[in-house]
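Okay, protein.txt now, which holds compact mmCIF, C-alpha atoms:
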```
# COMPACT_ATOMS: atom_id res chain seq x y z
CA MET A 1 141.80 75.89 31.16
CA SER A 2 141.02 79.42 30.13
CA PRO A 3 137.63 80.96 30.93
CA ALA A 4 137.02 81.40 27.19
CA VAL A 5 137.51 77.67 26.51
CA LEU A 6 135.30 76.79 29.46
CA ARG A 7 132.57 79.09 28.15
CA ARG A 8 132.75 77.51 24.69
CA LEU A 9 132.56 73.97 26.08
CA GLU A 10 129.66 74.87 28.37
CA ALA A 11 127.87 76.37 25.38
CA VAL A 12 128.19 73.00 23.61
CA VAL A 13 126.56 71.26 26.57
CA ASN A 14 123.82 73.89 26.74
CA GLU A 15 123.03 73.43 23.07
CA SER A 16 122.49 69.70 23.54
CA ARG A 17 120.52 70.01 26.79
CA GLU A 18 117.06 69.97 25.23
CA ARG A 19 117.82 66.91 23.08
CA PHE A 20 119.07 65.13 26.20
CA VAL A 21 115.92 66.01 28.15
CA VAL A 22 113.69 64.69 25.34
CA ASP A 23 115.76 61.49 25.19
CA LEU A 24 115.65 61.03 28.97
CA ALA A 25 111.88 61.51 29.01
CA GLY A 26 111.60 58.85 26.30
CA ARG A 27 113.66 56.41 28.35
CA LEU A 28 111.43 56.99 31.38
CA ARG A 29 108.33 56.38 29.25
CA THR A 30 109.91 53.12 28.09
CA LEU A 31 110.50 52.10 31.69
CA ARG A 32 106.94 52.92 32.73
CA ALA A 33 105.53 50.99 29.78
CA ALA A 34 107.71 47.99 30.68
CA VAL A 35 106.51 48.10 34.29
CA GLN A 36 102.95 48.01 33.02
CA GLU A 37 103.81 45.10 30.71
CA LEU A 38 105.07 43.17 33.72
CA ILE A 39 101.92 43.98 35.69
CA ASP A 40 99.83 42.79 32.74
CA GLY A 41 101.81 39.58 32.58
CA ASN A 42 103.30 40.34 29.18
CA MET A 43 106.87 40.62 30.34
CA GLU A 44 109.23 38.47 32.39
CA GLN A 45 110.89 39.91 35.50
CA ARG A 46 114.31 39.05 34.08
CA ASP A 47 113.62 41.12 30.93
CA LEU A 48 112.30 44.06 32.91
CA LEU A 49 115.35 44.05 35.20
CA SER A 50 117.68 43.88 32.23
CA LEU A 51 115.92 46.83 30.62
CA VAL A 52 115.97 48.80 33.88
CA PHE A 53 119.69 48.11 34.24
CA ASP A 54 120.44 49.43 30.73
CA GLU A 55 118.18 52.47 30.91
CA SER A 56 119.15 53.52 34.44
CA LEU A 57 122.80 53.33 33.42
CA GLN A 58 122.15 55.64 30.47
CA ILE A 59 120.11 58.03 32.62
CA LYS A 60 122.85 58.07 35.25
CA GLY A 61 125.44 58.93 32.61
CA MET A 62 123.40 61.58 30.83
CA GLY A 63 121.60 63.41 33.65
CA GLY A 64 124.50 65.03 35.49
CA THR A 65 126.28 65.94 32.26
CA ILE A 66 123.47 68.37 31.41
CA GLY A 67 123.03 69.59 34.98
CA TYR A 68 120.38 67.15 36.24
CA ASN A 69 122.55 65.84 39.06
CA VAL A 70 119.66 64.61 41.17
CA LEU A 71 118.41 62.56 38.22
CA SER A 72 121.80 60.87 37.97
CA LEU A 73 121.80 60.19 41.70
CA ILE A 74 118.38 58.51 41.59
CA ALA A 75 119.39 56.52 38.50
CA THR A 76 122.57 55.43 40.28
CA THR A 77 120.57 54.09 43.22
CA LEU A 78 118.23 52.27 40.85
CA ASN A 79 121.10 50.86 38.80
CA ASP A 80 122.86 49.60 41.93
CA PHE A 81 119.56 48.11 43.08
CA VAL A 82 118.99 46.02 39.94
CA THR A 83 122.62 45.09 39.26
CA GLY A 84 122.98 41.31 39.29
CA ARG A 85 119.27 40.83 40.06
CA THR A 86 117.08 38.48 38.01
CA LYS A 87 114.05 38.29 40.31
CA ILE A 88 112.19 40.72 42.54
CA GLY A 89 109.45 40.47 45.11
CA ARG A 90 106.51 42.81 45.64
CA ILE A 91 108.38 45.29 47.83
CA GLN A 92 111.37 45.38 45.48
CA PHE A 93 109.02 45.99 42.57
CA GLU A 94 107.48 48.93 44.43
CA ILE A 95 110.93 50.36 45.15
CA LEU A 96 111.74 50.08 41.47
CA GLN A 97 108.53 51.93 40.55
CA LEU A 98 109.26 54.64 43.13
CA HIS A 99 112.61 55.31 41.50
CA ILE A 100 111.00 55.65 38.08
CA ASP A 101 108.27 57.95 39.44
CA ALA A 102 110.85 60.10 41.22
CA MET A 103 112.87 60.48 38.01
CA TYR A 104 109.68 61.42 36.15
CA VAL A 105 109.04 64.23 38.62
CA VAL A 106 112.62 65.48 38.24
CA ILE A 107 112.28 65.69 34.46
CA ALA A 108 108.70 67.01 34.47
CA ASP A 109 109.52 69.76 36.97
CA ARG A 110 112.96 70.39 35.44
CA ILE A 111 114.73 69.99 38.74
CA THR A 112 118.37 70.69 37.99
CA ASP A 113 121.57 70.50 40.04
CA ASN A 114 121.07 68.63 43.30
CA GLY A 115 117.49 69.83 43.78
CA GLY A 116 116.38 71.12 47.16
CA ILE A 117 115.51 69.76 50.57
CA LEU A 118 112.58 67.74 49.24
CA GLU A 119 114.70 66.00 46.58
CA ASP A 120 117.33 65.32 49.20
CA GLN A 121 114.73 63.65 51.40
CA VAL A 122 113.34 61.60 48.48
CA LEU A 123 116.82 60.40 47.59
CA SER A 124 117.58 59.58 51.19
CA GLY A 125 114.30 57.62 51.42
CA LEU A 126 115.07 55.65 48.26
CA ARG A 127 118.55 54.80 49.50
CA THR A 128 117.15 53.65 52.83
CA ALA A 129 114.57 51.46 51.06
CA VAL A 130 117.27 49.93 48.87
CA ARG A 131 119.48 49.28 51.89
CA LYS A 132 116.62 47.68 53.79
CA PHE A 133 114.98 45.64 51.05
CA GLY A 134 117.69 45.37 48.41
CA MET B 135 148.79 76.79 34.91
CA THR B 136 146.90 76.72 31.62
CA GLU B 137 148.32 74.21 29.17
CA LYS B 138 147.76 74.69 25.47
CA VAL B 139 147.40 71.60 23.37
CA ASP B 140 146.87 71.50 19.65
CA PHE B 141 144.18 68.90 19.00
CA SER B 142 143.95 69.61 15.27
CA ASN B 143 146.29 66.80 14.25
CA VAL B 144 144.93 64.22 16.68
CA HIS B 145 142.50 61.68 15.23
CA PHE B 146 139.89 60.54 17.73
CA LEU B 147 137.53 57.58 17.72
CA ILE B 148 134.52 57.70 20.06
CA VAL B 149 132.75 54.41 20.76
CA ASP B 150 129.41 54.76 22.52
CA SER B 151 126.10 53.03 21.85
CA ASN B 152 124.30 56.12 23.14
CA GLN B 153 124.10 58.44 20.15
CA LEU B 154 123.58 61.64 22.16
CA SER B 155 126.53 60.92 24.45
CA ALA B 156 128.73 60.17 21.46
CA ASP B 157 127.56 63.35 19.70
CA LEU B 158 128.26 65.46 22.78
CA ALA B 159 131.79 64.08 23.18
CA ARG B 160 132.40 64.66 19.46
CA ASP B 161 131.13 68.26 19.66
CA LEU B 162 133.31 68.94 22.71
CA LEU B 163 136.38 67.62 20.90
CA LEU B 164 135.61 69.67 17.79
CA THR B 165 135.19 72.77 19.98
CA MET B 166 138.59 72.02 21.55
CA GLY B 167 140.12 72.17 18.09
CA ALA B 168 140.01 68.57 16.91
CA THR B 169 139.34 68.21 13.20
CA THR B 170 139.00 64.45 12.83
CA VAL B 171 136.57 62.64 15.11
CA PHE B 172 135.19 59.25 14.10
CA VAL B 173 132.16 57.85 15.90
CA ALA B 174 131.17 54.19 16.29
CA HIS B 175 128.06 52.96 18.09
CA GLY B 176 129.13 49.41 18.81
CA TYR B 177 131.99 46.96 19.06
CA ASP B 178 131.99 45.77 15.44
CA GLU B 179 131.71 49.31 14.10
CA ALA B 180 134.61 50.33 16.34
CA VAL B 181 136.86 47.51 15.13
CA ALA B 182 136.02 48.39 11.51
CA ALA B 183 136.83 52.06 12.19
CA LEU B 184 140.16 51.14 13.80
CA LYS B 185 141.06 48.95 10.84
CA SER B 186 140.24 51.50 8.17
CA ASN B 187 141.35 54.79 9.76
CA ILE B 188 144.31 56.30 11.53
CA VAL B 189 143.23 56.68 15.14
CA ASP B 190 145.47 58.41 17.69
CA VAL B 191 143.13 58.38 20.71
CA LEU B 192 140.32 55.96 21.49
CA LEU B 193 137.44 57.01 23.75
CA THR B 194 135.15 54.16 24.65
CA GLU B 195 132.18 53.31 26.81
CA LEU B 196 132.47 50.06 28.79
CA HIS B 197 128.81 49.19 28.32
CA LEU B 198 128.59 48.14 24.67
CA PRO B 199 125.95 45.42 24.60
CA PRO B 200 126.08 42.69 23.47
CA LYS B 201 129.84 43.00 23.91
CA SER B 202 131.97 44.91 26.38
CA GLY B 203 134.29 47.86 25.99
CA LEU B 204 136.83 45.78 27.90
CA GLU B 205 136.95 43.34 24.99
CA LEU B 206 137.64 46.21 22.63
CA ILE B 207 140.41 47.55 24.88
CA ARG B 208 142.03 44.10 25.09
CA GLU B 209 141.83 43.70 21.32
CA VAL B 210 143.65 47.00 20.85
CA ARG B 211 146.29 46.24 23.46
CA THR B 212 147.00 42.83 21.92
CA GLY B 213 147.30 44.36 18.46
CA LYS B 214 144.32 42.57 16.93
CA THR B 215 142.61 45.64 15.52
CA GLY B 216 145.42 46.99 13.38
CA ALA B 217 145.63 50.15 15.51
CA PRO B 218 148.93 50.84 17.30
CA ARG B 219 148.94 48.93 20.59
CA GLN B 220 150.15 51.99 22.50
CA ILE B 221 147.37 54.42 21.57
CA PRO B 222 145.89 56.26 24.55
CA ILE B 223 142.55 54.75 25.54
CA LEU B 224 140.15 56.77 27.59
CA VAL B 225 137.12 55.10 29.12
CA MET B 226 134.02 57.25 29.54
CA SER B 227 131.46 55.17 31.36
CA ALA B 228 128.63 55.20 33.85
CA LEU B 229 129.89 51.77 34.95
CA SER B 230 132.09 53.51 37.46
CA ALA B 231 132.10 51.21 40.50
CA LYS B 232 135.53 50.32 41.81
CA ASP B 233 135.51 46.88 40.19
CA HIS B 234 134.85 48.34 36.75
CA VAL B 235 137.62 50.91 37.17
CA PHE B 236 140.08 48.22 38.26
CA ASP B 237 139.07 45.93 35.37
CA ALA B 238 139.57 48.78 32.92
CA ARG B 239 142.93 49.66 34.45
CA ASP B 240 144.09 46.05 34.20
CA ALA B 241 142.93 45.86 30.59
CA GLY B 242 145.29 48.75 29.84
CA VAL B 243 143.28 51.97 29.78
CA THR B 244 145.09 55.26 30.02
CA GLU B 245 142.40 57.28 31.78
CA PHE B 246 138.89 56.78 33.15
CA ILE B 247 136.15 59.39 33.17
CA ALA B 248 133.06 58.46 35.14
CA LYS B 249 129.76 59.56 33.61
CA PRO B 250 128.23 61.96 34.27
CA TYR B 251 131.23 64.13 33.65
CA GLY B 252 131.80 67.88 33.61
CA VAL B 253 133.43 69.73 30.74
CA GLU B 254 136.41 70.78 32.85
CA GLY B 255 137.23 67.18 33.76
CA PHE B 256 136.81 66.13 30.14
CA TYR B 257 139.16 68.87 28.94
CA ARG B 258 141.77 68.13 31.62
CA ARG B 259 141.82 64.41 30.76
CA MET B 260 142.21 65.15 27.05
CA VAL B 261 145.07 67.56 27.65
CA GLY B 262 146.63 65.07 30.05
CA ILE B 263 146.70 62.15 27.65
CA ILE B 264 148.10 64.26 24.80
CA ALA B 265 150.56 66.42 26.73
CA HIS B 266 151.71 63.86 29.29
CA PRO B 267 151.81 60.41 27.70
CA ARG B 268 152.39 57.68 30.26
CA ALA B 269 155.22 55.17 30.10
CA PHE B 270 154.21 51.75 28.84
CA VAL B 271 154.78 48.41 30.48
CA ASP B 272 155.24 45.35 28.28
CA SER B 273 155.32 42.15 30.30
CA ASP B 274 154.02 38.60 29.96
CA LYS B 275 150.82 39.42 31.81
CA TYR B 276 150.21 43.06 31.03
CA PHE B 277 150.61 45.50 28.18
CA GLY B 278 149.51 49.05 28.82
CA PRO B 279 150.31 52.30 30.57
CA ASP B 280 152.22 52.05 33.82
CA ARG B 281 149.52 51.54 36.42
CA ARG B 282 151.51 53.18 39.19
CA ARG B 283 150.39 56.72 39.83
CA ARG B 284 152.42 57.35 42.98
CA GLN B 285 156.00 56.87 44.06
CA LEU B 286 155.88 55.27 47.48
CA PRO B 287 158.97 54.56 49.57
CA TYR B 288 159.79 50.85 49.75
CA ASP B 289 162.42 49.32 52.01
CA GLY B 290 161.40 45.69 51.88
CA PRO B 291 163.25 42.74 50.34
CA ASP B 292 163.81 42.52 46.59
CA ARG B 293 164.11 46.27 46.29
CA ARG B 294 165.57 47.17 42.92
CA GLN B 295 168.94 48.94 43.13
```

Represent the structure from my file as structure tokens, please.
Amino acid sequence: MSPAVLRRLEAVVNESRERFVVDLAGRLRTLRAAVQELIDGNMEQRDLLSLVFDESLQIKGMGGTIGYNVLSLIATTLNDFVTGRTKIGRIQFEILQLHIDAMYVVIADRITDNGGILEDQVLSGLRTAVRKFG
Amino acid sequence: MTEKVDFSNVHFLIVDSNQLSADLARDLLLTMGATTVFVAHGYDEAVAALKSNIVDVLLTELHLPPKSGLELIREVRTGKTGAPRQIPILVMSALSAKDHVFDARDAGVTEFIAKPYGVEGFYRRMVGIIAHPRAFVDSDKYFGPDRRRRQLPYDGPDRRQ
């Protein structure tokens, strides 16, 4: 692959970055609203988990493509966590919320690539929580 | 070594329910020189596109609710869509756990790109499926590209002469 082709393809990704970020933020808002619906008793756990599965899969696929690797990594952990799940307890629900909050911070602070030490620690903490309570 | 491939005569169909992901893949292909890129956002739309257009390469997501990209791949490989059974099929999916990759392989995909993907990997896969088409296997239980990627020495019984 010639450097010129690589530059042209990267330019295509750069041009779509902002649209991706807006879309990702919208998906996170949808997830937060759904969490609130569950808390308010207006949504079933099964429906929330199904929505989280779909949205986290999309976030996983989109994040790294536009350089938000850490976002994809958090979404991957969340997607693995809800895969095959139809019910969750209190602790699992909190873990789910923590994932959504962490992704919000990544988008709000525009943390690209793999982030820094702090993001690494957050990711490590989420993975540990999933391993322990998943 | 840099390989040059002319994508201008290759007709692509992208199947992805995520509009932005589909648009990005389309824009990358157009930048690589493709001139004909169809886009479908679901299973039914994809089948309709395959029936009414000439498609040389199919790129599909596995997660196509309420159906699955695997169903689409099987339909193509069994000749139920009207598209040539041997067309290269490239899966681009965030469903990238080992089980999903194996299921896709056994359904007859040519290549698998796990999302998120980088542009270099995308380009390499596209060049690969156009410049180095894989031999096909047509048996009772499987129709698709030869799933063997490596030549391993074998000295056991039933070795072919």

(request) Counting all atoms listed in the file, figure out which residue out of A:Asn69, A:Gln97, A:Ser124, A:Thr112 gets nearest to Ile39 of chain A. (result)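 Looking at the shortest contact to Ile39 of chain A, the residue is A:Gln97.
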
For the contact check between chain B and chain A, emit one row per residue of chain B within 12 Å, containing the shortest atom pair and the distance in Å rounded to one decimal, counting only C-alpha atoms, chain then rising number order, as JSON lines.
```
{"residue": "B:Met135", "atom": "CA", "partner": "A:Met1", "partner_atom": "CA", "distance": 8.0}
{"residue": "B:Thr136", "atom": "CA", "partner": "A:Met1", "partner_atom": "CA", "distance": 5.2}
{"residue": "B:Glu137", "atom": "CA", "partner": "A:Met1", "partner_atom": "CA", "distance": 7.0}
{"residue": "B:Lys138", "atom": "CA", "partner": "A:Met1", "partner_atom": "CA", "distance": 8.3}
{"residue": "B:Val139", "atom": "CA", "partner": "A:Met1", "partner_atom": "CA", "distance": 10.5}
{"residue": "B:Asp150", "atom": "CA", "partner": "A:Gln58", "partner_atom": "CA", "distance": 10.8}
{"residue": "B:Ser151", "atom": "CA", "partner": "A:Gln58", "partner_atom": "CA", "distance": 9.8}
{"residue": "B:Asn152", "atom": "CA", "partner": "A:Gln58", "partner_atom": "CA", "distance": 7.7}
{"residue": "B:Gln153", "atom": "CA", "partner": "A:Asp23", "partner_atom": "CA", "distance": 10.2}
{"residue": "B:Leu154", "atom": "CA", "partner": "A:Phe20", "partner_atom": "CA", "distance": 7.0}
{"residue": "B:Ser155", "atom": "CA", "partner": "A:Met62", "partner_atom": "CA", "distance": 7.1}
{"residue": "B:Ala156", "atom": "CA", "partner": "A:Met62", "partner_atom": "CA", "distance": 10.9}
{"residue": "B:Asp157", "atom": "CA", "partner": "A:Ser16", "partner_atom": "CA", "distance": 9.0}
{"residue": "B:Leu158", "atom": "CA", "partner": "A:Val13", "partner_atom": "CA", "distance": 7.1}
{"residue": "B:Ala159", "atom": "CA", "partner": "A:Val13", "partner_atom": "CA", "distance": 9.5}
{"residue": "B:Arg160", "atom": "CA", "partner": "A:Val12", "partner_atom": "CA", "distance": 10.2}
{"residue": "B:Asp161", "atom": "CA", "partner": "A:Val12", "partner_atom": "CA", "distance": 6.8}
{"residue": "B:Leu162", "atom": "CA", "partner": "A:Leu9", "partner_atom": "CA", "distance": 6.1}
{"residue": "B:Leu163", "atom": "CA", "partner": "A:Leu9", "partner_atom": "CA", "distance": 9.0}
{"residue": "B:Leu164", "atom": "CA", "partner": "A:Leu9", "partner_atom": "CA", "distance": 9.8}
{"residue": "B:Thr165", "atom": "CA", "partner": "A:Leu9", "partner_atom": "CA", "distance": 6.8}
{"residue": "B:Met166", "atom": "CA", "partner": "A:Val5", "partner_atom": "CA", "distance": 7.6}
{"residue": "B:Gly167", "atom": "CA", "partner": "A:Val5", "partner_atom": "CA", "distance": 10.4}
{"residue": "B:Glu195", "atom": "CA", "partner": "A:Gly61", "partner_atom": "CA", "distance": 10.5}
{"residue": "B:Leu196", "atom": "CA", "partner": "A:Leu57", "partner_atom": "CA", "distance": 11.2}
{"residue": "B:His197", "atom": "CA", "partner": "A:Asp54", "partner_atom": "CA", "distance": 8.7}
{"residue": "B:Leu198", "atom": "CA", "partner": "A:Asp54", "partner_atom": "CA", "distance": 10.2}
{"residue": "B:Pro199", "atom": "CA", "partner": "A:Asp54", "partner_atom": "CA", "distance": 9.2}
{"residue": "B:Pro200", "atom": "CA", "partner": "A:Asp54", "partner_atom": "CA", "distance": 11.4}
{"residue": "B:Met226", "atom": "CA", "partner": "A:Gly61", "partner_atom": "CA", "distance": 9.3}
{"residue": "B:Ser227", "atom": "CA", "partner": "A:Gly61", "partner_atom": "CA", "distance": 7.2}
{"residue": "B:Ala228", "atom": "CA", "partner": "A:Gly61", "partner_atom": "CA", "distance": 5.1}
{"residue": "B:Leu229", "atom": "CA", "partner": "A:Leu57", "partner_atom": "CA", "distance": 7.4}
{"residue": "B:Ser230", "atom": "CA", "partner": "A:Gly61", "partner_atom": "CA", "distance": 9.9}
{"residue": "B:Ala231", "atom": "CA", "partner": "A:Asp80", "partner_atom": "CA", "distance": 9.5}
{"residue": "B:Ile247", "atom": "CA", "partner": "A:Gly61", "partner_atom": "CA", "distance": 10.7}
{"residue": "B:Ala248", "atom": "CA", "partner": "A:Gly61", "partner_atom": "CA", "distance": 8.0}
{"residue": "B:Lys249", "atom": "CA", "partner": "A:Gly61", "partner_atom": "CA", "distance": 4.5}
{"residue": "B:Pro250", "atom": "CA", "partner": "A:Gly61", "partner_atom": "CA", "distance": 4.4}
{"residue": "B:Tyr251", "atom": "CA", "partner": "A:Thr65", "partner_atom": "CA", "distance": 5.5}
{"residue": "B:Gly252", "atom": "CA", "partner": "A:Thr65", "partner_atom": "CA", "distance": 6.0}
{"residue": "B:Val253", "atom": "CA", "partner": "A:Leu9", "partner_atom": "CA", "distance": 6.4}
{"residue": "B:Glu254", "atom": "CA", "partner": "A:Leu6", "partner_atom": "CA", "distance": 7.0}
{"residue": "B:Gly255", "atom": "CA", "partner": "A:Met1", "partner_atom": "CA", "distance": 10.2}
{"residue": "B:Phe256", "atom": "CA", "partner": "A:Leu9", "partner_atom": "CA", "distance": 9.8}
{"residue": "B:Tyr257", "atom": "CA", "partner": "A:Met1", "partner_atom": "CA", "distance": 7.8}
{"residue": "B:Arg258", "atom": "CA", "partner": "A:Met1", "partner_atom": "CA", "distance": 7.8}
{"residue": "B:Arg259", "atom": "CA", "partner": "A:Met1", "partner_atom": "CA", "distance": 11.5}
{"residue": "B:Met260", "atom": "CA", "partner": "A:Met1", "partner_atom": "CA", "distance": 11.5}
{"residue": "B:Val261", "atom": "CA", "partner": "A:Met1", "partner_atom": "CA", "distance": 9.6}
{"residue": "B:Gly262", "atom": "CA", "partner": "A:Met1", "partner_atom": "CA", "distance": 11.9}
```

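A straight line drawn from atom CA of Leu49 of chain A to atom CA of Gly89 of chain A is 12.1 Å long.
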
(message) Could you list, as a list in words, every residue within 7 Å of Ala25 of chain A, counting all atoms listed in the file and ignoring same-chain residues fewer than 4 positions away?
(response)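 Counting all atoms listed in the file, the residues come to Val21, Arg29 and Ile107 of chain A.
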
(request) Find the distance between atom CA of Val106 of chain A and atom CA of Gln121 of chain A and write it in Å to one decimal. (result)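 Taking atom CA of Val106 of chain A as the start and atom CA of Gln121 of chain A as the end point, the length is 13.5 Å.
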
(message) Please compute the atom CA of Leu204 of chain B-atom CA of Arg46 of chain A distance, one decimal, in Å.
(response) 24.3 Å

(request) Find the residue from B:Ala180, B:Val171, B:Val243, B:Ala269 that sits nearest to Asn143 of chain B; use all atoms listed in the file when measuring. (result) B:Val171

Coordinates of box centre and edge lengths for segment 279-289 of chain B, 6 Å on every side, axis-aligned, as lines of an AutoDock Vina configuration file:
```
center_x = 156.0
center_y = 53.3
center_z = 41.3
size_x = 24.9
size_y = 20.0
size_z = 33.4
```

Show me as a short mmCIF file (atom, residue, chain, number, x, y, z; two decimals) with C-alpha atoms, keeping the file's coordinate frame the residues that reach within 12 Å of (123.3, 41.4, 36.2), counting all atoms listed in the file and using the file's own coordinates.
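What ended up in point.cif:
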```
data_model
loop_
_atom_site.label_atom_id
_atom_site.label_comp_id
_atom_site.auth_asym_id
_atom_site.auth_seq_id
_atom_site.Cartn_x
_atom_site.Cartn_y
_atom_site.Cartn_z
CA ARG A 46 114.31 39.05 34.08
CA ASP A 47 113.62 41.12 30.93
CA LEU A 48 112.30 44.06 32.91
CA LEU A 49 115.35 44.05 35.20
CA SER A 50 117.68 43.88 32.23
CA LEU A 51 115.92 46.83 30.62
CA VAL A 52 115.97 48.80 33.88
CA PHE A 53 119.69 48.11 34.24
CA ASP A 54 120.44 49.43 30.73
CA ASN A 79 121.10 50.86 38.80
CA ASP A 80 122.86 49.60 41.93
CA PHE A 81 119.56 48.11 43.08
CA VAL A 82 118.99 46.02 39.94
CA THR A 83 122.62 45.09 39.26
CA GLY A 84 122.98 41.31 39.29
CA ARG A 85 119.27 40.83 40.06
CA THR A 86 117.08 38.48 38.01
CA LYS A 87 114.05 38.29 40.31
#
```

(message) Would you pick out the contacts of Thr170 of chain B at 9 Å or less, using only C-alpha atoms, so that residues sharing its chain but fewer than 4 positions from it are not included, and give the list as a list in words?
(response) Ser142, Asn143, Val144, His145, Phe146, Leu147 and Leu164 of chain B

(request) Go through B:Lys214, B:Lys201, B:Arg208, B:Arg281 and flag the residue nearest Ala182 of chain B, using all atoms listed in the file for the distances. (result)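 Between B:Lys214, B:Lys201, B:Arg208, B:Arg281, the residue approaching Ala182 of chain B most closely is B:Lys214.
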